[in-house]
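Novice: Coordinates in start_34.cif, mmCIF, C-alpha atoms, are listed below.
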data_run
#
loop_
_atom_site.label_atom_id
_atom_site.label_comp_id
_atom_site.auth_asym_id
_atom_site.auth_seq_id
_atom_site.Cartn_x
_atom_site.Cartn_y
_atom_site.Cartn_z
CA MET A 1 0.00 0.00 0.00
CA ALA A 2 1.13 3.53 -0.77
CA ASP A 3 2.36 5.58 2.17
CA LEU A 4 -0.08 8.38 2.99
CA THR A 5 2.09 9.80 5.77
CA THR A 6 2.34 13.55 5.31
CA ASP A 7 4.98 16.00 6.46
CA PHE A 8 3.55 19.51 6.20
CA LEU A 9 5.81 22.21 7.65
CA GLY A 10 7.48 19.52 9.73
CA ILE A 11 4.10 18.51 11.14
CA LYS A 12 3.63 14.80 10.56
CA SER A 13 0.23 13.13 10.20
CA PRO A 14 -0.74 9.62 9.09
CA ASN A 15 -2.58 10.95 6.04
CA PRO A 16 -3.11 14.29 4.27
CA PHE A 17 -6.75 14.60 5.32
CA TRP A 18 -7.33 17.27 7.95
CA LEU A 19 -10.63 18.58 9.23
CA ALA A 20 -10.96 22.31 8.59
CA SER A 21 -11.73 24.83 11.30
CA ALA A 22 -15.53 24.68 11.48
CA PRO A 23 -18.40 23.25 13.57
CA PRO A 24 -17.00 19.67 13.32
CA THR A 25 -13.89 20.74 15.26
CA ASP A 26 -15.58 22.79 17.97
CA LYS A 27 -14.86 20.64 21.00
CA GLU A 28 -12.88 17.77 22.46
CA TYR A 29 -15.68 15.24 21.96
CA ASN A 30 -15.83 15.91 18.22
CA VAL A 31 -12.08 15.92 17.70
CA ARG A 32 -11.57 12.65 19.56
CA ARG A 33 -14.24 11.01 17.43
CA ALA A 34 -12.57 12.41 14.33
CA PHE A 35 -9.17 11.03 15.26
CA GLU A 36 -10.68 7.65 16.12
CA ALA A 37 -12.32 7.64 12.67
CA GLY A 38 -8.93 8.16 11.05
CA TRP A 39 -8.46 11.86 10.28
CA GLY A 40 -4.81 12.82 10.00
CA GLY A 41 -5.23 16.22 11.54
CA VAL A 42 -7.65 18.82 12.82
CA VAL A 43 -7.76 22.60 12.73
CA TRP A 44 -9.62 23.50 15.93
CA LYS A 45 -12.57 25.82 15.45
CA THR A 46 -11.46 29.44 15.55
CA LEU A 47 -10.54 30.77 18.97
CA GLY A 48 -11.20 34.38 19.93
CA ALA A 49 -9.76 36.69 22.55
CA GLU A 50 -11.12 36.83 26.06
CA GLY A 51 -13.59 39.63 26.59
CA PRO A 52 -17.18 40.16 25.46
CA PRO A 53 -18.60 36.68 24.72
CA VAL A 54 -19.30 35.54 21.20
CA VAL A 55 -23.03 34.88 20.89
CA ASN A 56 -24.36 32.78 18.02
CA VAL A 57 -27.95 32.84 16.79
CA ASN A 58 -30.27 30.20 18.22
CA GLY A 59 -32.24 29.82 15.02
CA PRO A 60 -31.16 28.15 11.77
CA ARG A 61 -27.49 28.63 10.93
CA TYR A 62 -27.24 26.90 7.54
CA GLY A 63 -28.67 27.44 4.09
CA VAL A 64 -28.21 24.63 1.57
CA ILE A 65 -28.10 24.29 -2.21
CA HIS A 66 -29.29 20.83 -3.26
CA GLY A 67 -28.86 19.01 -6.53
CA ALA A 68 -31.81 17.37 -8.27
CA ASP A 69 -31.19 14.21 -6.23
CA ARG A 70 -31.09 16.14 -2.92
CA ARG A 71 -27.32 15.81 -2.81
CA VAL A 72 -25.74 18.69 -0.92
CA LEU A 73 -23.87 20.88 -3.39
CA GLY A 74 -23.13 23.76 -1.06
CA ILE A 75 -23.76 25.02 2.46
CA ASN A 76 -24.03 28.64 3.51
CA ASN A 77 -23.42 29.19 7.21
CA ILE A 78 -23.95 32.24 9.42
CA GLU A 79 -22.23 30.72 12.44
CA LEU A 80 -19.53 32.71 14.21
CA ILE A 81 -16.25 31.55 15.71
CA THR A 82 -16.39 29.38 18.84
CA ASP A 83 -18.75 30.66 21.51
CA ARG A 84 -17.12 28.49 24.16
CA PRO A 85 -14.72 30.02 26.73
CA LEU A 86 -11.13 30.33 25.56
CA GLU A 87 -9.78 28.53 28.62
CA THR A 88 -12.11 25.59 28.01
CA ASN A 89 -10.92 25.24 24.43
CA LEU A 90 -7.27 25.46 25.43
CA GLU A 91 -7.64 22.81 28.14
CA GLU A 92 -9.38 20.46 25.73
CA MET A 93 -6.76 21.01 23.02
CA ALA A 94 -3.98 20.13 25.46
CA ARG A 95 -5.69 16.89 26.47
CA VAL A 96 -6.37 15.85 22.89
CA LYS A 97 -2.83 16.56 21.71
CA ALA A 98 -1.39 14.60 24.63
CA ASP A 99 -3.55 11.58 23.78
CA TYR A 100 -2.99 11.76 19.99
CA PRO A 101 0.63 12.85 19.54
CA ASP A 102 0.80 11.37 16.03
CA ARG A 103 -2.03 13.56 14.72
CA ALA A 104 -1.75 17.17 13.60
CA LEU A 105 -3.55 19.69 15.78
CA ILE A 106 -3.67 23.29 14.60
CA ALA A 107 -5.27 26.19 16.46
CA SER A 108 -7.28 28.59 14.32
CA ILE A 109 -7.22 32.09 15.80
CA MET A 110 -9.05 35.37 15.20
CA VAL A 111 -8.52 38.34 17.52
CA PRO A 112 -8.65 42.12 17.02
CA CYS A 113 -6.06 43.62 14.70
CA GLU A 114 -3.81 44.79 17.53
CA GLU A 115 -0.41 43.35 18.39
CA GLU A 116 -1.28 43.20 22.09
CA ALA A 117 -4.22 40.89 21.40
CA TRP A 118 -2.07 38.46 19.44
CA ALA A 119 0.78 38.65 21.94
CA ALA A 120 -1.65 37.75 24.72
CA ILE A 121 -3.23 34.67 23.14
CA LEU A 122 -0.25 33.07 21.37
CA PRO A 123 1.71 31.94 24.47
CA ARG A 124 -1.43 30.34 25.85
CA VAL A 125 -1.97 28.44 22.61
CA ALA A 126 1.67 27.33 22.62
CA GLU A 127 1.17 25.79 26.07
CA THR A 128 -1.41 23.36 24.65
CA GLY A 129 1.24 21.63 22.56
CA ALA A 130 -0.60 22.44 19.34
CA ASP A 131 1.56 21.88 16.27
CA GLY A 132 0.89 25.32 14.80
CA ILE A 133 -1.64 28.06 14.29
CA GLU A 134 -3.87 29.12 11.43
CA LEU A 135 -4.74 32.81 11.18
CA ASN A 136 -8.38 33.15 10.20
CA PHE A 137 -8.33 36.02 7.71
CA GLY A 138 -11.27 34.69 5.77
CA CYS A 139 -14.57 34.61 7.67
CA PRO A 140 -16.92 36.80 5.58
CA HIS A 141 -19.74 37.31 8.07
CA GLY A 142 -20.26 38.37 11.64
CA MET A 143 -16.64 38.82 12.65
CA SER A 144 -15.72 40.83 9.55
CA GLU A 145 -18.18 43.50 10.65
CA ARG A 146 -16.03 43.78 13.78
CA GLY A 147 -12.82 44.39 11.84
CA MET A 148 -11.63 40.79 11.80
CA GLY A 149 -11.84 37.82 9.43
CA SER A 150 -12.11 38.85 5.77
CA ALA A 151 -11.90 42.52 6.78
CA VAL A 152 -8.22 41.76 7.44
CA GLY A 153 -7.83 39.22 4.64
CA GLN A 154 -8.88 41.74 2.00
CA VAL A 155 -6.05 44.13 2.90
CA PRO A 156 -2.59 42.72 2.06
CA GLU A 157 -0.86 45.24 4.32
CA TYR A 158 -2.86 43.99 7.31
CA ILE A 159 -2.06 40.37 6.45
CA GLU A 160 1.66 41.10 6.34
CA MET A 161 1.52 43.09 9.57
CA VAL A 162 -0.41 40.53 11.62
CA THR A 163 1.66 37.66 10.25
CA ARG A 164 4.81 39.44 11.40
CA TRP A 165 3.32 39.85 14.88
CA CYS A 166 2.56 36.14 15.05
CA LYS A 167 6.02 35.12 13.89
CA LYS A 168 7.44 37.44 16.54
CA HIS A 169 5.38 36.01 19.40
CA TYR A 170 5.05 32.35 18.33
CA ASP A 171 7.80 29.88 17.47
CA ARG A 172 5.83 27.18 15.64
CA PRO A 173 4.40 27.09 12.11
CA VAL A 174 2.08 29.93 11.16
CA ILE A 175 -0.49 29.21 8.44
CA VAL A 176 -2.45 32.12 6.95
CA LYS A 177 -5.99 31.26 5.87
CA LEU A 178 -6.98 33.37 2.86
CA THR A 179 -10.36 34.74 1.87
CA PRO A 180 -11.64 34.15 -1.68
CA ASN A 181 -13.65 37.36 -1.43
CA ILE A 182 -10.97 39.34 -3.24
CA THR A 183 -10.09 40.13 -6.84
CA ASP A 184 -6.55 38.72 -7.03
CA ILE A 185 -5.65 35.95 -4.56
CA ARG A 186 -1.96 36.30 -5.36
CA LYS A 187 -1.64 39.62 -3.56
CA PRO A 188 -2.73 38.45 -0.07
CA ALA A 189 -0.67 35.28 -0.54
CA ALA A 190 2.43 37.33 -1.36
CA ALA A 191 1.73 39.55 1.66
CA ALA A 192 1.56 36.49 3.90
CA LYS A 193 4.89 35.30 2.53
CA ARG A 194 6.48 38.70 3.10
CA GLY A 195 5.20 38.60 6.67
CA GLY A 196 7.01 35.32 7.24
CA ALA A 197 4.09 32.88 6.94
CA ASP A 198 5.14 29.26 6.82
CA ALA A 199 2.16 28.37 4.62
CA VAL A 200 -1.21 29.54 3.38
CA SER A 201 -4.51 27.69 3.44
CA LEU A 202 -7.39 28.39 1.06
CA ILE A 203 -10.10 28.94 0.33
CA ASN A 204 -12.18 30.16 3.22
CA THR A 205 -15.89 30.51 2.58
CA ILE A 206 -17.39 32.66 -0.18
CA ASN A 207 -19.73 35.49 0.75
CA SER A 208 -23.23 34.40 -0.23
CA ILE A 209 -26.97 34.24 0.12
CA THR A 210 -28.24 30.82 -0.92
CA GLY A 211 -31.94 31.56 -1.21
CA VAL A 212 -34.92 33.72 -0.38
CA ASP A 213 -38.04 32.51 1.40
CA LEU A 214 -40.78 33.59 -1.00
CA ASP A 215 -43.44 33.49 1.71
CA ASN A 216 -41.84 36.07 3.97
CA PHE A 217 -39.29 37.46 1.48
CA ALA A 218 -36.29 37.03 3.76
CA PRO A 219 -32.91 35.44 2.95
CA MET A 220 -32.41 31.89 4.17
CA PRO A 221 -31.61 30.80 6.80
CA THR A 222 -34.20 33.12 8.29
CA ILE A 223 -34.00 34.44 11.85
CA ASP A 224 -37.26 36.03 13.01
CA GLY A 225 -38.08 37.38 9.57
CA LYS A 226 -34.57 38.55 8.69
CA GLY A 227 -31.56 36.97 7.02
CA SER A 228 -27.90 37.76 6.45
CA HIS A 229 -25.09 36.96 4.07
CA GLY A 230 -22.96 34.02 5.14
CA GLY A 231 -20.03 31.85 4.12
CA TYR A 232 -20.55 29.36 1.27
CA CYS A 233 -18.64 26.08 1.04
CA GLY A 234 -19.02 22.58 -0.34
CA PRO A 235 -18.55 20.83 -3.71
CA ALA A 236 -19.86 23.87 -5.62
CA VAL A 237 -16.85 25.99 -4.62
CA LYS A 238 -14.20 23.44 -5.62
CA PRO A 239 -13.48 24.93 -9.09
CA ILE A 240 -12.98 28.38 -7.57
CA ALA A 241 -10.71 27.00 -4.88
CA MET A 242 -8.56 25.04 -7.33
CA SER A 243 -8.12 28.06 -9.58
CA MET A 244 -6.95 30.19 -6.66
CA VAL A 245 -4.62 27.46 -5.42
CA SER A 246 -3.07 27.15 -8.87
CA GLU A 247 -2.52 30.91 -9.11
CA ILE A 248 -0.50 30.89 -5.90
CA ALA A 249 1.40 27.73 -6.85
CA ARG A 250 2.60 29.16 -10.18
CA ASP A 251 3.15 32.79 -9.22
CA PRO A 252 6.88 33.60 -8.94
CA ALA A 253 6.15 35.83 -5.92
CA THR A 254 4.76 32.88 -3.95
CA ALA A 255 6.60 29.97 -5.57
CA GLY A 256 7.53 27.37 -2.98
CA LEU A 257 5.07 28.64 -0.38
CA PRO A 258 3.40 25.54 1.11
CA ILE A 259 -0.37 25.35 0.57
CA SER A 260 -3.12 23.58 2.49
CA GLY A 261 -6.03 23.11 0.10
CA ILE A 262 -9.63 23.74 1.12
CA GLY A 263 -12.86 23.89 -0.83
CA GLY A 264 -15.39 21.18 -1.61
CA ILE A 265 -13.11 18.18 -1.12
CA THR A 266 -15.43 15.17 -0.89
CA THR A 267 -13.58 12.26 -2.50
CA TRP A 268 -10.03 10.96 -2.90
CA ARG A 269 -10.05 12.38 -6.44
CA ASP A 270 -10.79 15.88 -5.17
CA ALA A 271 -7.87 15.58 -2.77
CA ALA A 272 -5.53 14.27 -5.46
CA GLU A 273 -6.46 17.13 -7.77
CA PHE A 274 -5.74 19.77 -5.11
CA MET A 275 -2.45 18.09 -4.31
CA ALA A 276 -1.49 17.89 -7.98
CA LEU A 277 -2.01 21.66 -8.06
CA GLY A 278 0.52 22.12 -5.28
CA CYS A 279 -1.22 21.43 -1.97
CA GLY A 280 0.78 19.57 0.65
CA ASN A 281 -2.41 18.44 2.34
CA VAL A 282 -6.15 19.12 2.24
CA GLN A 283 -8.77 20.28 4.71
CA VAL A 284 -12.36 19.01 4.69
CA CYS A 285 -15.56 20.31 6.26
CA THR A 286 -18.77 19.94 4.23
CA ALA A 287 -18.16 16.28 3.39
CA ALA A 288 -17.81 15.44 7.07
CA MET A 289 -20.93 17.46 7.93
CA THR A 290 -22.85 15.63 5.21
CA TYR A 291 -21.62 12.06 5.62
CA GLY A 292 -20.00 11.91 9.05
CA PHE A 293 -16.40 11.48 10.19
CA LYS A 294 -15.93 7.98 8.78
CA ILE A 295 -15.90 9.28 5.22
CA VAL A 296 -12.16 9.76 5.72
CA GLN A 297 -11.68 5.99 5.67
CA GLU A 298 -13.05 5.80 2.14
CA MET A 299 -11.05 8.82 1.03
CA ALA A 300 -7.78 7.46 2.42
CA ARG A 301 -8.35 3.93 1.12
CA ASP A 302 -9.18 5.07 -2.40
CA LEU A 303 -6.34 7.60 -2.56
CA SER A 304 -3.92 4.87 -1.53
CA GLN A 305 -5.35 2.51 -4.16
CA TRP A 306 -4.99 5.14 -6.89
CA MET A 307 -1.40 5.80 -5.84
CA ASP A 308 -0.64 2.07 -5.99
CA GLU A 309 -2.11 1.89 -9.49
CA LYS A 310 -0.03 4.86 -10.63
CA GLY A 311 3.13 3.68 -8.91
CA TYR A 312 3.40 6.52 -6.40
CA ALA A 313 4.97 5.40 -3.14
CA SER A 314 4.24 8.66 -1.31
CA THR A 315 2.13 11.77 -1.80
CA SER A 316 5.23 13.88 -2.32
CA GLU A 317 5.72 12.17 -5.67
CA PHE A 318 2.66 13.78 -7.27
CA ILE A 319 2.22 16.99 -5.27
CA GLY A 320 2.54 19.89 -7.71
CA LYS A 321 2.78 17.74 -10.87
CA ALA A 322 -0.07 19.65 -12.55
CA VAL A 323 1.34 23.11 -11.83
CA PRO A 324 3.60 23.31 -14.94
CA ASN A 325 0.57 22.53 -17.09
CA VAL A 326 -1.46 25.47 -15.80
CA THR A 327 -0.94 28.35 -18.22
CA ASP A 328 -2.60 31.51 -19.49
CA TRP A 329 -5.09 31.25 -22.34
CA GLN A 330 -2.77 32.98 -24.81
CA TYR A 331 -0.31 30.10 -24.59
CA LEU A 332 -2.77 27.36 -25.58
CA ASN A 333 -1.88 25.47 -28.75
CA LEU A 334 -4.09 26.72 -31.58
CA ASN A 335 -3.11 23.72 -33.70
CA TYR A 336 -4.61 21.22 -31.29
CA VAL A 337 -7.90 20.19 -32.88
CA THR A 338 -10.53 17.71 -31.73
CA LYS A 339 -13.97 16.76 -33.00
CA ALA A 340 -16.89 15.13 -31.21
CA ARG A 341 -17.64 11.49 -31.95
CA ILE A 342 -20.92 9.75 -31.05
CA ASP A 343 -20.91 6.01 -30.33
CA GLN A 344 -24.13 4.84 -31.96
CA ASP A 345 -24.12 1.61 -29.96
CA LEU A 346 -24.21 3.56 -26.69
CA CYS A 347 -26.53 6.34 -27.85
CA ILE A 348 -30.03 6.19 -26.27
CA LYS A 349 -31.41 8.69 -28.82
CA CYS A 350 -32.46 11.20 -26.17
CA GLY A 351 -31.43 14.10 -28.40
CA ARG A 352 -29.92 16.15 -25.63
CA CYS A 353 -26.68 16.69 -27.56
CA TYR A 354 -28.63 17.80 -30.63
CA ALA A 355 -30.81 20.24 -28.72
CA ALA A 356 -27.86 21.79 -26.92
CA CYS A 357 -25.76 22.18 -30.05
CA GLU A 358 -28.60 23.31 -32.33
CA ASP A 359 -30.04 25.87 -29.95
CA THR A 360 -27.06 27.19 -28.04
CA SER A 361 -23.87 26.21 -29.83
CA HIS A 362 -22.66 25.71 -33.43
CA GLN A 363 -25.32 23.59 -35.18
CA ALA A 364 -22.74 20.85 -35.58
CA ILE A 365 -24.95 17.80 -34.94
CA ALA A 366 -27.39 16.51 -37.52
CA MET A 367 -30.47 14.44 -36.68
CA LYS A 368 -30.94 11.73 -39.31
CA PRO A 369 -34.02 9.51 -39.79
CA GLY A 370 -34.61 7.20 -36.87
CA ARG A 371 -33.18 9.81 -34.47
CA VAL A 372 -29.62 9.01 -35.41
CA PHE A 373 -27.31 11.86 -34.42
CA GLU A 374 -24.10 12.56 -36.33
CA VAL A 375 -21.46 15.24 -35.97
CA ILE A 376 -20.85 17.70 -38.81
CA ASP A 377 -17.09 18.08 -38.65
CA GLU A 378 -17.02 21.32 -40.64
CA GLU A 379 -19.13 23.05 -38.00
CA CYS A 380 -17.83 21.34 -34.87
CA VAL A 381 -15.52 23.63 -32.88
CA ALA A 382 -14.86 21.02 -30.18
CA CYS A 383 -16.60 23.06 -27.49
CA ASN A 384 -17.39 19.85 -25.57
CA LEU A 385 -20.97 20.88 -24.76
CA CYS A 386 -22.49 17.76 -26.32
CA LEU A 387 -20.22 15.54 -24.25
CA ASP A 388 -21.01 17.49 -21.09
CA VAL A 389 -24.79 17.21 -21.44
CA CYS A 390 -24.88 13.59 -22.64
CA PRO A 391 -26.38 11.35 -19.91
CA VAL A 392 -24.46 8.25 -21.08
CA GLU A 393 -20.84 7.98 -20.00
CA ASP A 394 -18.38 7.59 -22.92
CA CYS A 395 -21.15 7.82 -25.53
CA ILE A 396 -19.58 11.02 -26.83
CA THR A 397 -15.82 11.39 -26.95
CA MET A 398 -13.42 13.88 -28.49
CA GLU A 399 -11.08 12.66 -31.26
CA GLU A 400 -7.84 14.53 -31.96
CA LEU A 401 -7.23 15.37 -35.61
CA ALA A 402 -3.97 16.38 -37.21
CA PRO A 403 -3.87 19.99 -38.43
CA GLY A 404 -4.99 20.17 -42.04
CA THR A 405 -7.18 17.05 -41.88
CA THR A 406 -9.93 17.02 -44.51
CA ASP A 407 -13.34 15.39 -44.53
CA PRO A 408 -13.07 12.48 -47.00
CA ARG A 409 -16.72 12.94 -47.98
CA THR A 410 -16.43 16.61 -48.91
CA GLY A 411 -12.72 17.24 -49.26
CA LYS A 412 -13.03 20.29 -47.03
CA VAL A 413 -10.51 21.05 -44.32
CA VAL A 414 -12.06 20.31 -40.92
CA ALA A 415 -8.95 20.91 -38.80
CA LYS A 416 -7.66 24.35 -39.65
CA GLU A 417 -3.92 24.78 -39.35
CA TYR A 418 -2.30 27.97 -38.16
CA ALA A 419 0.96 27.87 -40.07
CA ASN A 420 2.67 30.48 -37.94
CA TRP A 421 1.88 28.88 -34.60
CA THR A 422 5.23 27.13 -34.32
CA THR A 423 6.99 30.51 -34.43
CA HIS A 424 4.30 32.61 -32.79
CA PRO A 425 5.71 34.67 -29.89
CA ASN A 426 2.94 33.39 -27.62
CA ASN A 427 3.99 29.78 -28.19
CA PRO A 428 6.14 28.69 -25.22
CA MET A 429 7.62 25.88 -27.34
CA ALA A 430 8.91 28.44 -29.85
CA LYS A 431 10.56 30.35 -27.01
CA ALA A 432 12.10 27.16 -25.71
CA ALA A 433 13.50 26.36 -29.16
CA GLU A 434 15.24 29.73 -29.25
#
Written as structure tokens, that's how I'd like the structure from this file.

Specialist:
Amino acid sequence: MADLTTDFLGIKSPNPFWLASAPPTDKEYNVRRAFEAGWGGVVWKTLGAEGPPVVNVNGPRYGVIHGADRRVLGINNIELITDRPLETNLEEMARVKADYPDRALIASIMVPCEEEAWAAILPRVAETGADGIELNFGCPHGMSERGMGSAVGQVPEYIEMVTRWCKKHYDRPVIVKLTPNITDIRKPAAAAKRGGADAVSLINTINSITGVDLDNFAPMPTIDGKGSHGGYCGPAVKPIAMSMVSEIARDPATAGLPISGIGGITTWRDAAEFMALGCGNVQVCTAAMTYGFKIVQEMARDLSQWMDEKGYASTSEFIGKAVPNVTDWQYLNLNYVTKARIDQDLCIKCGRCYAACEDTSHQAIAMKPGRVFEVIDEECVACNLCLDVCPVEDCITMEELAPGTTDPRTGKVVAKEYANWTTHPNNPMAKAAE
């Protein structure tokens, strides 16, 4: 079996699957159950400074987007950081770390943007034996209105400043959790690196309203006739998270900065994709809230099986392998041409491909007598829409054609060739040849 042992910032864990800072990591009882189920690490739900208590709503805290089969696609939460006493959390963290020394335990922290506040809490966190801290610069609701969370994460100068404070007053790894509610994720990541961050984690939740109750016209979840924006997470945010991870992984200003990937990770494949884009480990929340803690056993087993099949002995062998293949649009090969192909033996004649292409794409599929659907190569631009809407797996595939290929029936060129592409200044291969 492949070795899933992970070394992230010198913090070892038996696998790369950590629970993200969220309701599942709010107390000792939960974290012990998580470790018994097999999670490699836990980021304890965000701690706050002592002072006025954090008070959560007592009504609904979650809004959900469901798929047609009632599968949870995304969860919007309006829950704040932990509302339990700081001392209680610290005592529980110390006990858990003592009993599970082989598991990663990270303390998520959010306190006012003042050096004194950070200097006061960090020594107390260090006494728990926690392996490191995660600075919560991402929460988009509740705390951000108080000048914390994403209110800090949206200002690179604040990120750099607070990170420096933490490196000054804390001698273990400092992870900066980034908000996606920003135009260019590279800037806060670079600020974290300048501040001395040992790693970044992303993405935190996306600012959102998931629905409106059309009986009382209030956002959901609804609290006494009113609603608020919250933080959105789950499978629906995965594409956004992976794009932001890849931007940090390939940006020269942040190259080599370790990344903990977060955002809709539900299966081993999701984890492998994040890791291929440069993540040293992954953090999970929605999947655990949907299916329970034991989902990690399936994720770890299947990731190990895939690694065995591919010949990877450890996760380090494929972390970052996809990064060199992430490029800007202008560098894509214009001479790479594909055409859709329909397997008539698999086709169920539903016509979905035809309707999609005829109405909204390039009119590249013909419907012949008997509801036989065929691709018109001259019109097909390989947009992939027919494949994406087809309900039968592998019924429609994309076939690569050599540049200049002609249709034998008409003699017309169906794979246009751009003769100057090999020397075009946007072609990275031309630059390499020079």

Novice: Can you list, as a list in words, every protein, DNA or RNA residue that comes within 8 Å of Ala34 in chain A when you count all atoms listed in the file, leaving out same-chain residues fewer than 4 positions away?

Specialist: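 So the residues in contact are Asn30, Gly38, Trp39, Phe293 and Lys294 of chain A.
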
Novice: Kindly indicate which residue among A:Cys386, A:Val72, A:Ile182, A:Met367 lies nearest to Gly153 in chain A, using only C-alpha atoms for the distances.

Specialist: A:Ile182

Novice: Nearest to Cys279 in chain A: which of A:Ala241, A:Leu122, A:Met307, A:Val55 is it, counting only C-alpha atoms?

Specialist: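 So, comparing all the options, the nearest one is A:Ala241.
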
Novice: Could you state which residues are captured by the PyMOL selection byres ((chain A and resi 368-382) around 10) in this file, as a ChimeraX atom specification?

Specialist: /A:337-344,347-351,353-354,357,361-367,383-387,398-400,406-407,410,412-416

Novice: Taking the file as I've supplied it (selection: the PyMOL selection byres ((chain A and resi 88) around 12)), which residues are included? Please answer as a list in words.

Specialist: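 Applying the PyMOL selection byres ((chain A and resi 88) around 12) to the structure shown produces Asp26, Lys27, Glu28, Leu47, Gly48, Glu50, Thr82, Asp83, Arg84, Pro85, Leu86, Glu87, Asn89, Leu90, Glu91, Glu92, Met93, Ala94, Arg95, Arg124, Val125 and Thr128 of chain A.
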
Novice: Per residue of range 21-86 of chain A within 10 Å of range 129-135 of chain A, note the shortest atom pair and the distance in Å to one decimal, counting all atoms listed in the file, and order the rows by chain and increasing residue number, as a Markdown table.

Specialist:
| residue | atom | partner | partner_atom | distance |
| --- | --- | --- | --- | --- |
| A:Ser21 | CA | A:Glu134 | CA | 9.0 |
| A:Val43 | CA | A:Glu134 | CA | 7.7 |
| A:Trp44 | CA | A:Glu134 | CA | 9.2 |
| A:Thr46 | CA | A:Glu134 | CA | 8.6 |
| A:Leu47 | CA | A:Leu135 | CA | 9.9 |

Novice: Those residues you just picked out, can you put them in a file as a PDB file, in the coordinates of the input with C-alpha atoms?

Specialist:
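Writing done, so here's part-v3.pdb:
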ATOM      1  CA  SER A  21     -11.730  24.830  11.300  1.00  0.00           C
ATOM      2  CA  VAL A  43      -7.760  22.600  12.730  1.00  0.00           C
ATOM      3  CA  TRP A  44      -9.620  23.500  15.930  1.00  0.00           C
ATOM      4  CA  THR A  46     -11.460  29.440  15.550  1.00  0.00           C
ATOM      5  CA  LEU A  47     -10.540  30.770  18.970  1.00  0.00           C
TER       6      LEU A  47
END

Novice: Leaving out range 246-259 of chain A and any residue of its chain fewer than 5 positions from it, which residues lie within 6 Å of it when counting all atoms listed in the file, given as a PyMOL selection string?

Specialist: chain A and resi 186+190+199-201+277-280

Novice: Just to be explicit: take each residue in the selection above, keep C-alpha atoms, and write the result as a short mmCIF file (atom, residue, chain, number, x, y, z; two decimals), in the frame of the given file.

Specialist:
data_model
loop_
_atom_site.label_atom_id
_atom_site.label_comp_id
_atom_site.auth_asym_id
_atom_site.auth_seq_id
_atom_site.Cartn_x
_atom_site.Cartn_y
_atom_site.Cartn_z
CA ARG A 186 -1.96 36.30 -5.36
CA ALA A 190 2.43 37.33 -1.36
CA ALA A 199 2.16 28.37 4.62
CA VAL A 200 -1.21 29.54 3.38
CA SER A 201 -4.51 27.69 3.44
CA LEU A 277 -2.01 21.66 -8.06
CA GLY A 278 0.52 22.12 -5.28
CA CYS A 279 -1.22 21.43 -1.97
CA GLY A 280 0.78 19.57 0.65
#
